[in-house]
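Undergrad: Got a structure here, written out as structure tokens. Questions coming.
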Amino acid sequence: MANVNVGLMGFGRVGRNLFRLLLDDEQISLAAISARQDPKGLAHLLRYDSILGPLSTKPGVKDGKLTISGREIPLLDYTEPGDVPWGDLGVHTVIDTSPKRRTREEIQRHLDKGAQRVILCAPPVDPPDIAAVMGLNDHELKREHRIISNGLSTSQCIAPIIKILDDAFGIERAFLGVIHAYTENQVLSDVPNADRRRGRAAAVNIIPLETVAGTAIEQTMPEMAGRLTASAMHVPVPNGSATDLVCWHKQPVTVEAVNAAVREGANGRYKGIIDYADAPIVSSDVHCSSYSTIFDSMATMAQREKISKTIAWFDNGWSYAQRLVDLMNRFIELEREAA
């Protein structure tokens, strides 16, 4: 397969980041976008992005299609699996960017409508064919896989670190704290909401919210089931997030040993996935980083040779979209190998 046509279900931050990455891609083409929003408004947000800055190529809308660089991409007004006739649009792979956790029955509707593969941007309710983290388990991908979870930006960030620490020192149990930039699912001023915290102004508050990061990690690393607990705090920054991981280990740990293990992984198996930082960085320093993980070696701590504490940063939009592209390219390779 020399080329794959992609359909987007949803066109929020992940979708627009992905659009920019695929604009000049020679192997992956956007064939359709489905989002129940004003087409001209979508084109405007695509061109003018508060985090990424202006897009150099001006998009437009004509006859229900997004136009850019001489291309026309159909814009559809649907939000649920089964609504879009993907096969009729020539779509091979659907990227479902919805934050909603879907059942396998719901996801199957994409396939029933002609898609050959579905990649999810939220951990599904039922087990997918595989929950992929590039660098960690992409060697397990098979061309027969049809329902794939790309997890969360959080799980893409921290799963490689958990794997490194578990292999090197064993993990008896772990607590994961996620410090996340505010998202499009929050609000800018206080409004009534059934979730009292979610109704508070995101840009002026630190807001504790539930996270399914633990579920996403366990779908990728079943061996961590029952050993990991996760929580999240959304903080008033528009971009740049972090994970704060505390582990109780089976083998003795020191700051030097933990950092050495991660450095080795960053230079080896996880090259291009983990960036080993030895400078005093802050959240704005990871803006538009293509790495899943920026490991903060200066923040590593250890106690009594039994407990480690590590911090890893990530750009919660750009790096996640990069991994989606990597995932699709890996399937293209598998299809070519089978041809």
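Letters A, B, ... mark the chains of the structure tokens in the order given; residue numbers begin at 1 per chain; ligand numbers begin at 1, in order shown.
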Got a sec: who's within 7 Å of Arg173 (chain A), counting only C-alpha atoms, leaving out chain neighbours fewer than 3 positions off, as a PyMOL selection string?

TA: chain A and resi 227-228+247-248

Undergrad: List the neighbours of Ile161 (chain A) out to 9 Å using only C-alpha atoms; skip same-chain residues closer than 3 positions along the sequence, and give me the result as a PyMOL selection string.

TA: chain A and resi 157-158+164-166+262+265+274+293+295+310+312

Undergrad: Select, from A:Gly7, A:Gly177, A:Pro99, A:Gly90, the residue with the minimum atom-to-atom distance to Thr243 (chain A), counting only C-alpha atoms.

TA: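 With only C-alpha atoms as the atom set, the closest residue is A:Gly177.
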
Undergrad: When DSSP works through the backbone of this structure, what residues of region 121-330 of chain A end up as alpha helix (DSSP H), shown as a ChimeraX atom specification?

TA: /A:153-169,213-220,255-267,318-330

Undergrad: Next, the residues of the selection above should be written as a compact mmCIF listing (two decimals), in the first residue's frame with N, CA and C atoms.

TA:
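Once everything was written out, this is part_7.txt:
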# COMPACT_ATOMS: atom_id res chain seq x y z
N SER A 153 -2.27 11.28 25.36
CA SER A 153 -0.95 11.90 25.36
C SER A 153 -0.22 11.57 26.66
N THR A 154 -0.98 11.46 27.75
CA THR A 154 -0.40 11.11 29.04
C THR A 154 0.22 9.71 29.01
N SER A 155 -0.51 8.74 28.49
CA SER A 155 0.01 7.37 28.47
C SER A 155 1.17 7.24 27.48
N GLN A 156 1.11 7.99 26.37
CA GLN A 156 2.25 7.99 25.44
C GLN A 156 3.50 8.51 26.14
N CYS A 157 3.32 9.48 27.04
CA CYS A 157 4.45 10.06 27.75
C CYS A 157 5.02 9.11 28.79
N ILE A 158 4.17 8.57 29.65
CA ILE A 158 4.68 7.91 30.84
C ILE A 158 4.87 6.40 30.70
N ALA A 159 4.18 5.76 29.77
CA ALA A 159 4.32 4.30 29.64
C ALA A 159 5.76 3.87 29.38
N PRO A 160 6.52 4.56 28.50
CA PRO A 160 7.92 4.14 28.33
C PRO A 160 8.75 4.27 29.61
N ILE A 161 8.49 5.30 30.42
CA ILE A 161 9.23 5.46 31.68
C ILE A 161 8.87 4.34 32.65
N ILE A 162 7.59 4.01 32.74
CA ILE A 162 7.17 2.91 33.61
C ILE A 162 7.85 1.61 33.19
N LYS A 163 7.89 1.36 31.89
CA LYS A 163 8.52 0.14 31.38
C LYS A 163 10.00 0.09 31.73
N ILE A 164 10.69 1.21 31.55
CA ILE A 164 12.12 1.27 31.87
C ILE A 164 12.35 0.98 33.35
N LEU A 165 11.58 1.63 34.21
CA LEU A 165 11.76 1.46 35.66
C LEU A 165 11.37 0.06 36.12
N ASP A 166 10.32 -0.49 35.52
CA ASP A 166 9.89 -1.83 35.90
C ASP A 166 10.94 -2.86 35.49
N ASP A 167 11.50 -2.71 34.29
CA ASP A 167 12.53 -3.65 33.82
C ASP A 167 13.79 -3.54 34.67
N ALA A 168 14.16 -2.31 35.05
CA ALA A 168 15.42 -2.11 35.75
C ALA A 168 15.33 -2.41 37.25
N PHE A 169 14.23 -2.03 37.87
CA PHE A 169 14.15 -2.10 39.33
C PHE A 169 12.92 -2.84 39.86
N ALA A 213 -6.11 7.90 32.56
CA ALA A 213 -4.72 7.59 32.22
C ALA A 213 -4.33 6.19 32.71
N GLY A 214 -4.79 5.83 33.90
CA GLY A 214 -4.49 4.50 34.42
C GLY A 214 -5.03 3.40 33.52
N THR A 215 -6.26 3.59 33.04
CA THR A 215 -6.87 2.62 32.12
C THR A 215 -6.07 2.52 30.83
N ALA A 216 -5.67 3.68 30.29
CA ALA A 216 -4.91 3.69 29.04
C ALA A 216 -3.58 2.95 29.19
N ILE A 217 -2.92 3.15 30.31
CA ILE A 217 -1.64 2.48 30.55
C ILE A 217 -1.84 0.98 30.72
N GLU A 218 -2.86 0.58 31.45
CA GLU A 218 -3.12 -0.84 31.67
C GLU A 218 -3.51 -1.55 30.38
N GLN A 219 -4.20 -0.85 29.45
CA GLN A 219 -4.53 -1.47 28.17
C GLN A 219 -3.27 -1.74 27.36
N THR A 220 -2.26 -0.90 27.54
CA THR A 220 -0.99 -1.10 26.85
C THR A 220 -0.08 -2.05 27.62
N VAL A 255 19.03 8.08 42.68
CA VAL A 255 18.81 9.08 41.63
C VAL A 255 19.68 8.78 40.42
N GLU A 256 20.94 8.47 40.68
CA GLU A 256 21.88 8.21 39.59
C GLU A 256 21.47 6.98 38.78
N ALA A 257 21.01 5.94 39.46
CA ALA A 257 20.63 4.71 38.76
C ALA A 257 19.38 4.90 37.92
N VAL A 258 18.40 5.63 38.46
CA VAL A 258 17.17 5.90 37.70
C VAL A 258 17.49 6.71 36.46
N ASN A 259 18.27 7.78 36.63
CA ASN A 259 18.61 8.63 35.48
C ASN A 259 19.42 7.86 34.45
N ALA A 260 20.31 7.00 34.90
CA ALA A 260 21.12 6.21 33.97
C ALA A 260 20.25 5.26 33.16
N ALA A 261 19.26 4.65 33.79
CA ALA A 261 18.38 3.73 33.08
C ALA A 261 17.56 4.45 32.02
N VAL A 262 17.05 5.63 32.36
CA VAL A 262 16.26 6.38 31.39
C VAL A 262 17.15 6.92 30.28
N ARG A 263 18.35 7.39 30.62
CA ARG A 263 19.27 7.89 29.60
C ARG A 263 19.61 6.80 28.59
N GLU A 264 19.84 5.60 29.11
CA GLU A 264 20.14 4.46 28.21
C GLU A 264 18.96 4.20 27.28
N GLY A 265 17.74 4.23 27.83
CA GLY A 265 16.56 4.01 26.98
C GLY A 265 16.38 5.10 25.94
N ALA A 266 16.65 6.35 26.33
CA ALA A 266 16.50 7.47 25.41
C ALA A 266 17.49 7.39 24.25
N ASN A 267 18.66 6.82 24.51
CA ASN A 267 19.68 6.69 23.47
C ASN A 267 19.58 5.38 22.70
N TRP A 318 0.78 18.35 20.06
CA TRP A 318 1.67 18.13 18.92
C TRP A 318 2.32 16.75 18.96
N SER A 319 2.85 16.35 20.13
CA SER A 319 3.53 15.06 20.19
C SER A 319 2.54 13.91 19.97
N TYR A 320 1.32 14.08 20.45
CA TYR A 320 0.31 13.03 20.28
C TYR A 320 -0.03 12.85 18.80
N ALA A 321 -0.17 13.97 18.08
CA ALA A 321 -0.44 13.90 16.64
C ALA A 321 0.73 13.25 15.90
N GLN A 322 1.96 13.53 16.37
CA GLN A 322 3.13 12.88 15.77
C GLN A 322 3.05 11.37 15.90
N ARG A 323 2.61 10.90 17.05
CA ARG A 323 2.52 9.45 17.25
C ARG A 323 1.43 8.83 16.37
N LEU A 324 0.36 9.58 16.11
CA LEU A 324 -0.66 9.08 15.19
C LEU A 324 -0.07 8.88 13.80
N VAL A 325 0.74 9.82 13.35
CA VAL A 325 1.40 9.70 12.05
C VAL A 325 2.35 8.50 12.06
N ASP A 326 3.13 8.36 13.12
CA ASP A 326 4.04 7.21 13.22
C ASP A 326 3.28 5.89 13.16
N LEU A 327 2.15 5.85 13.84
CA LEU A 327 1.35 4.63 13.88
C LEU A 327 0.83 4.28 12.48
N MET A 328 0.33 5.27 11.77
CA MET A 328 -0.17 5.01 10.41
C MET A 328 0.97 4.59 9.48
N ASN A 329 2.12 5.21 9.63
CA ASN A 329 3.26 4.82 8.79
C ASN A 329 3.71 3.40 9.07
N ARG A 330 3.60 2.98 10.33
CA ARG A 330 3.97 1.60 10.66
C ARG A 330 3.02 0.61 9.98

Undergrad: Residues near region 189-202 of chain A, anyone? I mean within 12 Å using only C-alpha atoms, not counting same-chain ones fewer than 2 positions away, as a list of chain:residue names.

TA: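 The filter keeps A:His180, A:Ala181, A:Tyr182, A:Thr183, A:Glu184, A:Asn185, A:Gln186, A:Val187, A:Val204, A:Asn205, A:Ile206, A:Ile207, A:Pro208, A:Leu209, A:Glu210, A:Met233, A:His234, A:Val235, A:Pro236, A:Val237, A:Pro238.
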
Undergrad: Can you spit out the residues from that selection as an mmCIF file, in the first residue's frame, using N, CA and C atoms?

TA:
data_model
loop_
_atom_site.group_PDB
_atom_site.id
_atom_site.type_symbol
_atom_site.label_atom_id
_atom_site.label_comp_id
_atom_site.auth_asym_id
_atom_site.auth_seq_id
_atom_site.Cartn_x
_atom_site.Cartn_y
_atom_site.Cartn_z
ATOM 1 N N HIS A 180 -1.885 18.683 33.917
ATOM 2 C CA HIS A 180 -2.284 18.839 32.518
ATOM 3 C C HIS A 180 -2.702 20.268 32.204
ATOM 4 N N ALA A 181 -2.250 20.759 31.053
ATOM 5 C CA ALA A 181 -2.737 22.050 30.557
ATOM 6 C C ALA A 181 -4.246 21.973 30.370
ATOM 7 N N TYR A 182 -4.918 23.115 30.472
ATOM 8 C CA TYR A 182 -6.370 23.075 30.278
ATOM 9 C C TYR A 182 -6.703 22.737 28.830
ATOM 10 N N THR A 183 -7.890 22.192 28.612
ATOM 11 C CA THR A 183 -8.264 21.662 27.304
ATOM 12 C C THR A 183 -9.554 22.295 26.798
ATOM 13 N N GLU A 184 -9.907 21.951 25.562
ATOM 14 C CA GLU A 184 -11.109 22.488 24.933
ATOM 15 C C GLU A 184 -12.386 21.989 25.607
ATOM 16 N N ASN A 185 -12.271 20.972 26.446
ATOM 17 C CA ASN A 185 -13.435 20.447 27.154
ATOM 18 C C ASN A 185 -13.723 21.188 28.455
ATOM 19 N N GLN A 186 -12.920 22.209 28.746
ATOM 20 C CA GLN A 186 -13.155 23.018 29.931
ATOM 21 C C GLN A 186 -13.721 24.385 29.528
ATOM 22 N N VAL A 187 -13.938 25.240 30.509
ATOM 23 C CA VAL A 187 -14.584 26.527 30.230
ATOM 24 C C VAL A 187 -13.695 27.668 30.705
ATOM 25 N N VAL A 204 -7.843 30.258 35.298
ATOM 26 C CA VAL A 204 -7.494 30.933 36.547
ATOM 27 C C VAL A 204 -7.513 29.997 37.752
ATOM 28 N N ASN A 205 -7.689 28.702 37.501
ATOM 29 C CA ASN A 205 -7.784 27.744 38.600
ATOM 30 C C ASN A 205 -6.931 26.509 38.357
ATOM 31 N N ILE A 206 -6.460 25.904 39.427
ATOM 32 C CA ILE A 206 -5.949 24.541 39.382
ATOM 33 C C ILE A 206 -7.131 23.644 39.711
ATOM 34 N N ILE A 207 -7.487 22.736 38.774
ATOM 35 C CA ILE A 207 -8.738 22.000 38.884
ATOM 36 C C ILE A 207 -8.478 20.493 38.903
ATOM 37 N N PRO A 208 -8.780 19.826 40.005
ATOM 38 C CA PRO A 208 -8.688 18.361 40.026
ATOM 39 C C PRO A 208 -9.798 17.764 39.152
ATOM 40 N N LEU A 209 -9.431 16.851 38.257
ATOM 41 C CA LEU A 209 -10.403 16.187 37.401
ATOM 42 C C LEU A 209 -10.069 14.699 37.320
ATOM 43 N N GLU A 210 -11.074 13.907 37.032
ATOM 44 C CA GLU A 210 -10.840 12.476 36.853
ATOM 45 C C GLU A 210 -10.005 12.236 35.603
ATOM 46 N N MET A 233 -4.586 16.914 37.754
ATOM 47 C CA MET A 233 -4.851 18.307 38.064
ATOM 48 C C MET A 233 -4.678 19.099 36.777
ATOM 49 N N HIS A 234 -5.727 19.819 36.370
ATOM 50 C CA HIS A 234 -5.602 20.689 35.209
ATOM 51 C C HIS A 234 -5.211 22.079 35.696
ATOM 52 N N VAL A 235 -4.186 22.625 35.065
ATOM 53 C CA VAL A 235 -3.596 23.873 35.547
ATOM 54 C C VAL A 235 -3.750 24.976 34.504
ATOM 55 N N PRO A 236 -3.670 26.253 34.929
ATOM 56 C CA PRO A 236 -3.957 27.371 34.007
ATOM 57 C C PRO A 236 -2.807 27.736 33.077
ATOM 58 N N VAL A 237 -2.392 26.776 32.261
ATOM 59 C CA VAL A 237 -1.490 27.040 31.143
ATOM 60 C C VAL A 237 -2.131 26.430 29.894
ATOM 61 N N PRO A 238 -1.975 27.054 28.721
ATOM 62 C CA PRO A 238 -2.643 26.553 27.517
ATOM 63 C C PRO A 238 -1.950 25.369 26.865
#

Undergrad: To one decimal place, how far is CA of Asn5 (chain A) from CA of Ala31 (chain A) in Å?

TA: 5.6 Å

Undergrad: May I have the residues within 10 Å of region 100-108 of chain A as an mmCIF file with N, CA and C atoms, in the first residue's frame, using only C-alpha atoms and disregarding those fewer than 5 positions away in the same chain?

TA:
data_model
loop_
_atom_site.group_PDB
_atom_site.id
_atom_site.type_symbol
_atom_site.label_atom_id
_atom_site.label_comp_id
_atom_site.auth_asym_id
_atom_site.auth_seq_id
_atom_site.Cartn_x
_atom_site.Cartn_y
_atom_site.Cartn_z
ATOM 1 N N GLU A 80 -21.034 10.730 15.126
ATOM 2 C CA GLU A 80 -21.100 9.398 15.720
ATOM 3 C C GLU A 80 -20.665 8.311 14.738
ATOM 4 N N PRO A 81 -20.045 7.237 15.231
ATOM 5 C CA PRO A 81 -19.708 6.102 14.371
ATOM 6 C C PRO A 81 -20.946 5.560 13.670
ATOM 7 N N GLY A 82 -20.783 5.210 12.419
ATOM 8 C CA GLY A 82 -21.897 4.686 11.635
ATOM 9 C C GLY A 82 -22.619 5.744 10.833
ATOM 10 N N LYS A 113 -19.184 0.734 7.817
ATOM 11 C CA LYS A 113 -19.394 1.776 6.812
ATOM 12 C C LYS A 113 -18.250 1.871 5.803
ATOM 13 N N ALA A 115 -14.704 1.579 6.367
ATOM 14 C CA ALA A 115 -13.322 1.795 6.817
ATOM 15 C C ALA A 115 -12.645 0.445 7.027
ATOM 16 N N ARG A 117 -9.723 0.320 8.937
ATOM 17 C CA ARG A 117 -9.034 0.380 10.227
ATOM 18 C C ARG A 117 -9.527 1.606 10.982
ATOM 19 N N VAL A 118 -9.592 1.504 12.314
ATOM 20 C CA VAL A 118 -9.999 2.629 13.166
ATOM 21 C C VAL A 118 -8.937 2.835 14.232
ATOM 22 N N ILE A 119 -8.478 4.068 14.361
ATOM 23 C CA ILE A 119 -7.542 4.442 15.409
ATOM 24 C C ILE A 119 -8.251 5.402 16.350
ATOM 25 N N LEU A 120 -8.245 5.057 17.636
ATOM 26 C CA LEU A 120 -8.985 5.813 18.640
ATOM 27 C C LEU A 120 -8.053 6.712 19.443
ATOM 28 N N CYS A 121 -8.549 7.909 19.758
ATOM 29 C CA CYS A 121 -7.772 8.869 20.543
ATOM 30 C C CYS A 121 -8.252 8.948 21.983
ATOM 31 N N ALA A 122 -9.003 7.951 22.402
ATOM 32 C CA ALA A 122 -9.414 7.807 23.799
ATOM 33 C C ALA A 122 -9.476 6.311 24.096
ATOM 34 N N PRO A 123 -9.085 5.890 25.286
ATOM 35 C CA PRO A 123 -9.141 4.456 25.609
ATOM 36 C C PRO A 123 -10.573 3.941 25.483
ATOM 37 N N PRO A 124 -10.807 2.895 24.688
ATOM 38 C CA PRO A 124 -12.168 2.381 24.531
ATOM 39 C C PRO A 124 -12.658 1.653 25.780
ATOM 40 N N VAL A 125 -13.968 1.484 25.857
ATOM 41 C CA VAL A 125 -14.560 0.765 26.992
ATOM 42 C C VAL A 125 -14.149 -0.702 26.958
ATOM 43 N N ASP A 126 -14.237 -1.307 25.778
ATOM 44 C CA ASP A 126 -13.870 -2.710 25.600
ATOM 45 C C ASP A 126 -12.448 -2.804 25.052
ATOM 46 N N PRO A 127 -11.752 -3.912 25.290
ATOM 47 C CA PRO A 127 -10.371 -4.044 24.814
ATOM 48 C C PRO A 127 -10.290 -3.885 23.296
ATOM 49 N N PRO A 128 -9.358 -3.065 22.802
ATOM 50 C CA PRO A 128 -9.142 -2.956 21.360
ATOM 51 C C PRO A 128 -8.310 -4.131 20.867
ATOM 52 N N ASP A 129 -8.052 -4.179 19.565
ATOM 53 C CA ASP A 129 -7.148 -5.209 19.061
ATOM 54 C C ASP A 129 -5.756 -5.016 19.656
ATOM 55 N N ARG A 146 -7.540 -4.154 13.443
ATOM 56 C CA ARG A 146 -8.537 -3.254 12.854
ATOM 57 C C ARG A 146 -8.968 -2.146 13.825
ATOM 58 N N ILE A 147 -8.965 -2.432 15.113
ATOM 59 C CA ILE A 147 -9.360 -1.436 16.117
ATOM 60 C C ILE A 147 -8.164 -1.192 17.023
ATOM 61 N N VAL A 212 -8.525 8.937 32.909
ATOM 62 C CA VAL A 212 -8.508 7.521 32.538
ATOM 63 C C VAL A 212 -7.094 7.117 32.117
#

Undergrad: Please report, as a short mmCIF file (atom, residue, chain, number, x, y, z; two decimals) with C-alpha atoms, in the first residue's frame, each residue of region 90-153 of chain A to which DSSP assigns strand (DSSP E) when run on this structure's backbone.

TA:
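See result24.cif below for the written result:
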data_model
loop_
_atom_site.label_atom_id
_atom_site.label_comp_id
_atom_site.auth_asym_id
_atom_site.auth_seq_id
_atom_site.Cartn_x
_atom_site.Cartn_y
_atom_site.Cartn_z
CA THR A 93 -8.35 4.54 8.07
CA VAL A 94 -10.59 6.50 10.44
CA ILE A 95 -8.99 8.57 13.20
CA ASP A 96 -11.70 8.97 15.82
CA ARG A 117 -9.03 0.38 10.23
CA VAL A 118 -10.00 2.63 13.17
CA ILE A 119 -7.54 4.44 15.41
CA LEU A 120 -8.98 5.81 18.64
CA ILE A 130 -4.12 -3.42 20.46
CA ALA A 131 -3.39 -0.32 22.53
CA ILE A 147 -9.36 -1.44 16.12
CA ILE A 148 -6.35 0.32 17.60
CA SER A 149 -6.16 2.64 20.59
#

Undergrad: So how many Å separate CA of Tyr78 (chain A) and CA of Asn17 (chain A), to one decimal?

TA: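 Between CA of Tyr78 (chain A) and CA of Asn17 (chain A) the gap works out to 20.1 Å.
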
Undergrad: Skipping near chain neighbours, those fewer than 4 positions away, what residues fall within 10 Å of Thr254 (chain A) using only C-alpha atoms, listed as an MDAnalysis selection string?

TA: chainID A and resid 258:260 300:308

Undergrad: From the list A:His92, A:Lys309, A:His44, A:His110, which residue is nearest Ala174 (chain A) when using only C-alpha atoms?

TA: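 The answer is A:Lys309, which sits nearest to Ala174 (chain A).
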
Undergrad: Please report the interatomic distance between CA of Asp278 (chain A) and CA of Gly151 (chain A) in Å with one decimal.

TA: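 We find that CA of Asp278 (chain A) and CA of Gly151 (chain A) lie 27.7 Å from each other.
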